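Asks: So here's work.txt, just compact mmCIF, C-alpha atoms:
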# COMPACT_ATOMS: atom_id res chain seq x y z
CA MET A 29 39.09 37.95 -7.58
CA ARG A 30 38.22 36.51 -10.95
CA GLU A 31 38.07 33.02 -9.44
CA LEU A 32 35.56 34.19 -6.83
CA LYS A 33 33.36 35.62 -9.57
CA ILE A 34 33.50 32.34 -11.49
CA LEU A 35 32.65 30.42 -8.31
CA ALA A 36 29.73 32.76 -7.62
CA VAL A 37 28.35 32.25 -11.12
CA VAL A 38 28.61 28.47 -10.79
CA VAL A 39 26.90 28.53 -7.39
CA VAL A 40 24.06 30.75 -8.65
CA PHE A 41 23.33 28.59 -11.67
CA THR A 42 23.53 25.43 -9.56
CA LEU A 43 21.03 26.85 -7.08
CA ILE A 44 18.72 27.96 -9.90
CA THR A 45 18.82 24.47 -11.40
CA TYR A 46 18.24 22.77 -8.05
CA TYR A 47 15.55 25.03 -6.61
CA LEU A 48 13.73 26.24 -9.74
CA VAL A 49 14.33 24.15 -12.84
CA GLU A 50 14.28 20.68 -11.25
CA PRO A 51 11.10 21.23 -9.16
CA PHE A 52 9.38 22.82 -12.18
CA ALA A 53 10.26 19.86 -14.39
CA HIS A 54 9.21 17.43 -11.65
CA SER A 55 5.83 19.15 -11.25
CA HIS A 56 5.14 18.79 -14.98
CA MET A 57 6.37 15.22 -15.26
CA HIS A 58 4.55 13.90 -12.19
CA LYS A 59 0.98 14.55 -11.18
CA HIS A 60 0.68 16.35 -7.85
CA VAL A 61 -2.13 15.32 -5.53
CA GLU A 62 -2.94 17.07 -2.28
CA GLY A 63 -3.67 14.87 0.70
CA GLU A 64 -7.01 14.92 2.51
CA GLY A 65 -5.68 14.15 5.98
CA TYR A 66 -7.06 10.60 5.85
CA ALA A 67 -10.54 11.99 6.45
CA TYR A 68 -12.17 9.60 3.93
CA ALA A 69 -14.90 12.16 3.34
CA ASP A 70 -16.81 9.87 0.97
CA LEU A 71 -17.46 7.38 3.76
CA PRO A 72 -20.25 7.84 6.34
CA ALA A 73 -19.26 8.79 9.86
CA LEU A 74 -19.18 6.13 12.56
CA ASP A 75 -21.75 7.77 14.84
CA LYS A 76 -22.91 4.90 17.00
CA LYS A 77 -21.03 3.91 20.15
CA GLY A 78 -19.90 0.32 19.86
CA ASP A 79 -20.08 -2.44 22.44
CA ALA A 80 -16.83 -4.43 22.28
CA ALA A 81 -18.28 -7.48 24.04
CA ARG A 82 -21.18 -7.70 21.62
CA GLY A 83 -18.76 -7.01 18.76
CA LYS A 84 -16.65 -10.01 19.75
CA GLU A 85 -19.70 -12.25 19.53
CA LEU A 86 -20.44 -10.94 16.05
CA VAL A 87 -16.85 -11.23 14.81
CA MET A 88 -16.62 -14.79 16.09
CA GLY A 89 -20.16 -15.68 15.06
CA ALA A 90 -22.59 -14.05 12.64
CA GLY A 91 -19.93 -11.84 11.11
CA ALA A 92 -18.02 -14.97 10.10
CA CYS A 93 -14.74 -13.00 10.16
CA THR A 94 -12.73 -15.88 11.56
CA GLY A 95 -13.64 -18.04 8.60
CA CYS A 96 -10.94 -16.17 6.64
CA HIS A 97 -9.05 -14.02 9.14
CA ALA A 98 -6.68 -14.98 11.91
CA ILE A 99 -6.90 -13.18 15.24
CA SER A 100 -3.64 -14.27 16.83
CA LYS A 101 -4.21 -12.03 19.85
CA GLU A 102 -7.21 -14.18 20.69
CA GLY A 103 -5.34 -17.41 19.98
CA MET A 104 -7.08 -17.95 16.66
CA PRO A 105 -4.68 -18.89 13.82
CA ALA A 106 -5.47 -18.59 10.13
CA GLY A 107 -7.30 -21.48 8.55
CA MET A 108 -4.82 -21.58 5.64
CA ASP A 109 -1.20 -20.67 5.10
CA PRO A 110 -0.58 -17.43 3.13
CA THR A 111 0.05 -19.17 -0.20
CA MET A 112 -3.08 -21.31 -0.04
CA ALA A 113 -5.10 -18.27 1.07
CA ALA A 114 -3.82 -16.23 -1.87
CA GLN A 115 -4.71 -19.03 -4.26
CA SER A 116 -8.23 -19.02 -2.78
CA TYR A 117 -8.86 -15.27 -2.39
CA GLY A 118 -6.18 -13.59 -4.52
CA VAL A 119 -4.39 -12.21 -1.47
CA ASN A 120 -3.88 -13.43 2.09
CA PRO A 121 -6.61 -12.00 4.38
CA PRO A 122 -4.97 -10.01 7.20
CA ASP A 123 -4.66 -11.01 10.82
CA LEU A 124 -7.15 -8.75 12.62
CA SER A 125 -5.18 -8.41 15.86
CA ASN A 126 -3.86 -4.94 14.95
CA ALA A 127 -6.60 -3.86 12.54
CA GLY A 128 -8.19 -1.51 15.05
CA ALA A 129 -4.92 0.41 15.44
CA VAL A 130 -3.89 0.53 11.77
CA TYR A 131 -7.19 1.23 10.01
CA GLU A 132 -9.31 4.32 10.60
CA GLY A 133 -12.57 3.56 12.39
CA LYS A 134 -15.09 4.61 9.78
CA PHE A 135 -13.06 2.91 7.07
CA LEU A 136 -13.26 -0.34 9.04
CA ALA A 137 -17.03 0.10 9.32
CA ALA A 138 -17.38 0.77 5.60
CA LEU A 139 -15.11 -2.20 4.83
CA ILE A 140 -17.34 -4.53 6.83
CA LYS A 141 -20.48 -3.24 5.09
CA ASN A 142 -19.19 -3.05 1.53
CA PRO A 143 -15.53 -3.98 0.90
CA ALA A 144 -15.42 -3.00 -2.79
CA HIS A 145 -16.75 0.48 -2.03
CA ALA A 146 -14.51 1.11 0.98
CA LEU A 147 -11.45 -0.06 -0.93
CA MET A 148 -12.43 1.95 -4.04
CA VAL A 149 -12.26 -1.08 -6.33
CA GLU A 150 -15.89 -1.17 -7.50
CA HIS A 151 -14.61 -0.83 -11.06
CA LYS A 152 -12.89 -4.19 -10.56
CA PHE A 153 -15.58 -5.91 -8.49
CA ASP A 154 -19.00 -5.02 -9.89
CA ALA A 155 -21.70 -7.14 -8.29
CA ALA A 156 -24.11 -6.23 -11.09
CA LYS A 157 -21.75 -7.96 -13.51
CA GLY A 158 -21.29 -10.95 -11.25
CA LYS A 159 -17.82 -9.94 -10.14
CA MET A 160 -17.91 -10.18 -6.37
CA HIS A 161 -15.16 -9.03 -4.04
CA PRO A 162 -13.57 -12.02 -2.26
CA MET A 163 -14.51 -10.48 1.09
CA PRO A 164 -18.32 -10.79 1.42
CA GLN A 165 -20.44 -7.93 2.69
CA PHE A 166 -21.89 -8.07 6.19
CA TYR A 167 -25.68 -8.00 5.82
CA GLY A 168 -26.44 -7.86 9.53
CA ALA A 169 -27.30 -10.35 12.23
CA GLY A 170 -30.97 -9.46 12.58
CA GLY A 171 -30.66 -6.23 14.56
CA ASP A 172 -29.60 -2.67 13.82
CA LYS A 173 -26.94 -3.24 11.18
CA ASP A 174 -25.14 0.06 11.84
CA GLN A 175 -25.00 -0.73 15.56
CA GLU A 176 -23.71 -4.22 14.88
CA VAL A 177 -20.95 -2.85 12.66
CA ALA A 178 -20.05 -0.27 15.31
CA ASP A 179 -19.83 -3.10 17.85
CA MET A 180 -17.49 -5.07 15.60
CA VAL A 181 -15.26 -2.04 15.09
CA ALA A 182 -15.23 -1.41 18.85
CA TYR A 183 -14.10 -4.99 19.45
CA LEU A 184 -11.28 -4.76 16.89
CA GLN A 185 -10.14 -1.50 18.44
CA SER A 186 -10.28 -2.98 21.94
CA ILE A 187 -7.86 -5.82 21.14
CA ALA A 188 -5.47 -3.67 19.10
CA PRO A 189 -2.44 -2.03 20.68
CA LYS A 190 -2.55 1.69 21.38
CA THR A 191 -1.24 3.79 18.51
CA GLU A 192 1.92 4.73 20.40
CA GLU A 193 2.56 1.04 21.10
CA LEU A 194 2.11 -0.01 17.48
CA THR A 195 5.48 -0.72 15.87
CA SER A 196 6.40 0.48 12.41
CA GLU A 197 6.87 -3.14 11.37
CA GLN A 198 3.34 -4.08 12.49
CA ALA A 199 1.89 -1.10 10.62
CA TYR A 200 3.75 -1.91 7.41
CA GLN A 201 2.96 -5.61 7.47
CA LEU A 202 -0.78 -5.03 7.86
CA ALA A 203 -1.11 -2.01 5.58
CA CYS A 204 1.29 -3.03 2.80
CA GLY A 205 3.07 -6.31 3.49
CA ARG A 206 0.56 -8.77 2.04
CA CYS A 207 1.04 -7.32 -1.45
CA HIS A 208 4.42 -5.59 -1.38
CA GLU A 209 7.81 -7.15 -0.77
CA ASN A 210 10.58 -5.19 0.95
CA ARG A 211 13.81 -7.04 0.26
CA TYR A 212 15.97 -4.51 2.10
CA ALA A 213 14.08 -5.41 5.29
CA GLY A 214 13.95 -9.12 4.48
CA TRP A 215 10.16 -8.99 4.17
CA THR A 216 8.18 -11.02 1.61
CA GLN A 217 4.46 -11.27 1.01
CA ILE A 218 4.41 -14.53 2.99
CA GLY A 219 6.40 -13.18 5.94
CA GLN A 220 9.90 -12.39 7.12
CA THR A 221 12.61 -14.31 5.30
CA PRO A 222 13.98 -16.79 7.85
CA LYS A 223 17.56 -17.89 8.32
CA PHE A 224 17.78 -21.22 6.57
CA LYS A 225 19.74 -24.16 7.98
CA LYS A 226 19.24 -26.29 4.90
CA LYS A 227 19.17 -25.46 1.21
CA GLN A 228 15.95 -27.40 0.76
CA ASP A 229 14.27 -25.17 3.36
CA GLU A 230 15.26 -22.11 1.35
CA LEU A 231 13.97 -23.69 -1.86
CA LYS A 232 10.68 -24.60 -0.17
CA PHE A 233 10.23 -21.04 1.11
CA ASN A 234 11.05 -19.49 -2.27
CA LEU A 235 8.64 -21.85 -4.00
CA ALA A 236 5.85 -20.86 -1.61
CA LYS A 237 6.66 -17.20 -2.20
CA ALA A 238 6.62 -17.69 -5.97
CA ASP A 239 3.23 -19.43 -5.79
CA TYR A 240 1.87 -16.59 -3.66
CA GLN A 241 3.19 -13.99 -6.09
CA ASP A 242 1.64 -15.84 -9.03
CA ALA A 243 -1.76 -15.79 -7.33
CA LEU A 244 -1.32 -12.13 -6.39
CA THR A 245 -0.36 -11.21 -9.96
CA LYS A 246 -3.54 -12.82 -11.30
CA TYR A 247 -5.60 -11.01 -8.67
CA MET A 248 -4.04 -7.56 -9.15
CA GLY A 249 -3.22 -7.74 -12.86
CA LYS A 250 0.49 -7.25 -12.14
CA LEU A 251 2.82 -7.95 -9.27
CA PRO A 252 2.87 -4.97 -6.86
CA PRO A 253 6.35 -3.40 -6.70
CA ASP A 254 9.02 -3.99 -4.10
CA LEU A 255 8.93 -1.00 -1.72
CA SER A 256 12.55 -1.20 -0.55
CA ILE A 257 13.61 2.19 -1.95
CA TYR A 258 10.23 3.82 -2.66
CA ILE A 259 10.79 6.35 0.11
CA ARG A 260 13.82 7.60 -1.82
CA SER A 261 12.55 7.19 -5.38
CA ARG A 262 9.05 8.57 -4.79
CA GLY A 263 9.20 10.53 -1.56
CA GLU A 264 7.01 10.74 1.51
CA HIS A 265 4.28 12.95 0.02
CA TYR A 266 3.71 10.68 -2.97
CA ILE A 267 3.53 7.53 -0.85
CA LYS A 268 1.14 9.06 1.70
CA THR A 269 -1.25 10.47 -0.88
CA PHE A 270 -1.10 7.38 -3.09
CA VAL A 271 -1.98 5.10 -0.18
CA GLU A 272 -4.78 7.45 0.82
CA ASN A 273 -6.36 7.46 -2.65
CA PRO A 274 -4.66 5.42 -5.41
CA GLN A 275 -7.38 6.38 -7.91
CA ALA A 276 -6.33 10.04 -7.70
CA TYR A 277 -3.01 9.08 -9.30
CA LEU A 278 -3.97 6.08 -11.43
CA ALA A 279 -7.65 5.96 -12.33
CA GLY A 280 -8.71 2.35 -12.71
CA THR A 281 -5.76 0.92 -10.79
CA ALA A 282 -6.36 -2.39 -9.04
CA MET A 283 -4.58 -1.17 -5.91
CA PRO A 284 -7.17 -0.67 -3.18
CA ARG A 285 -7.46 2.27 -0.84
CA VAL A 286 -5.77 1.03 2.33
CA GLY A 287 -7.77 3.06 4.86
CA VAL A 288 -5.00 3.64 7.37
CA SER A 289 -5.17 6.25 10.10
CA PRO A 290 -2.75 9.21 9.94
CA GLU A 291 -0.79 7.84 12.89
CA ALA A 292 -0.47 4.39 11.29
CA MET A 293 0.67 5.96 8.02
CA ASP A 294 3.44 7.76 9.89
CA LYS A 295 4.51 4.35 11.22
CA VAL A 296 4.57 2.96 7.68
CA ILE A 297 6.75 5.86 6.53
CA GLU A 298 9.06 5.24 9.49
CA TYR A 299 9.42 1.60 8.44
CA LEU A 300 10.16 2.56 4.83
CA GLU A 301 12.76 5.08 5.96
CA ASP A 302 14.41 2.58 8.28
CA SER A 303 14.62 -0.04 5.53
CA GLY A 304 15.21 2.09 2.42
CA ASP A 305 17.18 4.98 3.86
CA ALA A 306 18.77 3.49 6.95
CA LYS A 307 21.80 5.79 6.81
CA ARG A 308 19.79 9.01 6.53
CA HIS A 309 20.72 10.39 9.96
CA GLU A 310 24.37 9.55 9.48
CA ARG A 311 24.31 11.00 5.96
CA GLU A 312 22.76 14.27 7.12
CA SER A 313 25.33 14.58 9.91
CA VAL A 314 28.26 13.85 7.59
CA GLY A 315 26.82 16.15 4.92
CA LYS A 316 26.89 19.14 7.27
CA LYS A 317 30.48 18.39 8.26
CA VAL A 318 31.51 18.07 4.61
CA MET A 319 29.93 21.44 3.78
CA ILE A 320 31.73 23.10 6.68
CA PHE A 321 35.03 21.49 5.63
CA THR A 322 34.50 22.59 2.02
CA LEU A 323 33.90 26.20 3.03
CA VAL A 324 36.90 26.29 5.36
CA PHE A 325 39.09 24.59 2.74
CA ALA A 326 37.93 27.02 0.05
CA LEU A 327 38.78 29.97 2.31
CA PHE A 328 42.29 28.69 3.06
CA ALA A 329 42.82 27.77 -0.61
CA TYR A 330 41.89 31.28 -1.64
CA LEU A 331 44.18 32.86 0.95
CA TRP A 332 47.04 30.55 -0.06
CA LYS A 333 46.52 31.38 -3.74
CA LYS A 334 46.41 35.09 -2.95
CA SER A 335 49.66 34.80 -0.98
CA LEU A 336 51.46 32.96 -3.81
CA TRP A 337 50.33 35.23 -6.62
CA LYS A 338 50.29 38.60 -4.89
CA GLU A 339 53.64 39.61 -6.42
CA LEU A 340 52.41 38.77 -9.96
CA HIS A 341 49.33 40.99 -9.86
Represent the supplied structure as structure tokens.

Replies:
Amino acid sequence: MRELKILAVVVVFTLITYYLVEPFAHSHMHKHVEGEGYAYADLPALDKKGDAARGKELVMGAGACTGCHAISKEGMPAGMDPTMAAQSYGVNPPDLSNAGAVYEGKFLAALIKNPAHALMVEHKFDAAKGKMHPMPQFYGAGGDKDQEVADMVAYLQSIAPKTEELTSEQAYQLACGRCHENRYAGWTQIGQTPKFKKKQDELKFNLAKADYQDALTKYMGKLPPDLSIYIRSRGEHYIKTFVENPQAYLAGTAMPRVGVSPEAMDKVIEYLEDSGDAKRHERESVGKKVMIFTLVFALFAYLWKKSLWKELH
């Protein structure tokens, strides 16, 4: 009986440590930020109904989007490779094929109008001080500017896959992959690491990646971290709220607000879980079996001990 009392005391103190002490310490060591549901309340609503056909004309013409951005879905490749683009702009401008599915509509509109404001990096790019964001603002094509922006957003949404068709890999690559490496998934800022047939091909790829990272480091102030195990080291809540509003955690950080939709963010989390915690389902299944085994074993051990020592008590 004494052993059961000792076991009970150990279990109680373990549970207290796990459910009370550890969360309390964590809450004091790490700032907690509540999410806003990706509402982007500081940005104006996208009230006007866009015309996708007119938006295509603007994106391809007066909007000058294709001067920097690829639209592979429309057969339009990037004008520069990722490394050269990063050396020109600081980071490789994204392919716009999936932008309408990954980014929230009113964020896209605000991004077209004023990139530094939409991305929450006005402290880094202050036009009054001559520090312009590498993505220029859209000043209009001579008509109703708000309508023109709505048209452009409508076009980007029309060529993007439906949310349910968007893969987790596509969401991650557009939302995070131009700044963050994910070595567990074989992803680098310049693309998926290929299988090399020759050593010189590997050296060439690594050199291009290093050049890209050098340009990115100068642009951001430091190299953004590898996200391979962030889902385990930081957790889902932290990642979601940090992406939604980096300034809420680190005032003055160079990391921009990404502007993803809630559905796209779920896809990003799925990708991070698949790459950084690939064995989670297996681990949870095995964990339950181990707990059941431990309880059954403890019961039989106690009964065996009681049987052996019953004559000595």

Asks: Go through stretch 116-177 of chain A and flag each residue having an atom no more than 8 Å from stretch 185-207 of chain A; for those, report the closest pair of atoms plus their distance in Å to one decimal, using all atoms listed in the file, ordered by chain and rising number, as a Markdown table.

Replies:
| residue | atom | partner | partner_atom | distance |
| --- | --- | --- | --- | --- |
| A:Val119 | CA | A:Arg206 | CA | 7.0 |
| A:Asn120 | CA | A:Arg206 | CA | 6.4 |
| A:Pro122 | CA | A:Leu202 | CA | 6.5 |
| A:Asp123 | CA | A:Leu202 | CA | 7.7 |
| A:Ser125 | CA | A:Ala188 | CA | 5.7 |
| A:Asn126 | CA | A:Ala188 | CA | 4.6 |
| A:Ala127 | CA | A:Ala188 | CA | 6.7 |
| A:Gly128 | CA | A:Gln185 | CA | 3.9 |
| A:Ala129 | CA | A:Ala188 | CA | 5.5 |
| A:Val130 | CA | A:Ala199 | CA | 6.1 |

Asks: Rounded to one decimal place, report the atom CA of A:Arg262-atom CA of A:Leu43 distance in Å.

Replies: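 It comes out at 22.0 Å.
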
Asks: Find the residue from A:Ser289, A:Pro164, A:Gly171, A:Asn234 that sits nearest to A:Gln220; use only C-alpha atoms when measuring.

Replies: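 Of A:Ser289, A:Pro164, A:Gly171, A:Asn234, the one nearest A:Gln220 is A:Asn234, counting only C-alpha atoms.
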
Asks: Would you kindly return, as a PyMOL selection string, each protein, DNA or RNA residue with an atom no farther than 12 Å from any atom of A:His145, considering all atoms listed in the file and excluding same-chain residues fewer than 5 positions away?

Replies: chain A and resi 68+70-72+135-140+150-155+160-161+163-165+284-287

Asks: Would you mind reading off the distance between atom CA of A:Asp229 and atom CA of A:Thr111, one decimal, in Å?

Replies: 15.8 Å

Asks: Please determine, counting all atoms listed in the file, which residue among A:Leu235, A:Val288, A:Ala156, A:Ala73 has the shortest atom-to-atom distance to A:Asn273.

Replies: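 Counting all atoms listed in the file, the residue closest to A:Asn273 is A:Val288.
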
Asks: Which one is closest to A:Asn142: A:Pro290, A:Pro274, A:Glu310, A:Pro162? Count only C-alpha atoms.

Replies: A:Pro162

Asks: So the first atom is atom CA of A:Ala169 and the second is atom CA of A:Arg82; what is the distance between them in Å, to one decimal place?

Replies: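 Computing it gives 11.5 Å between the two atoms.
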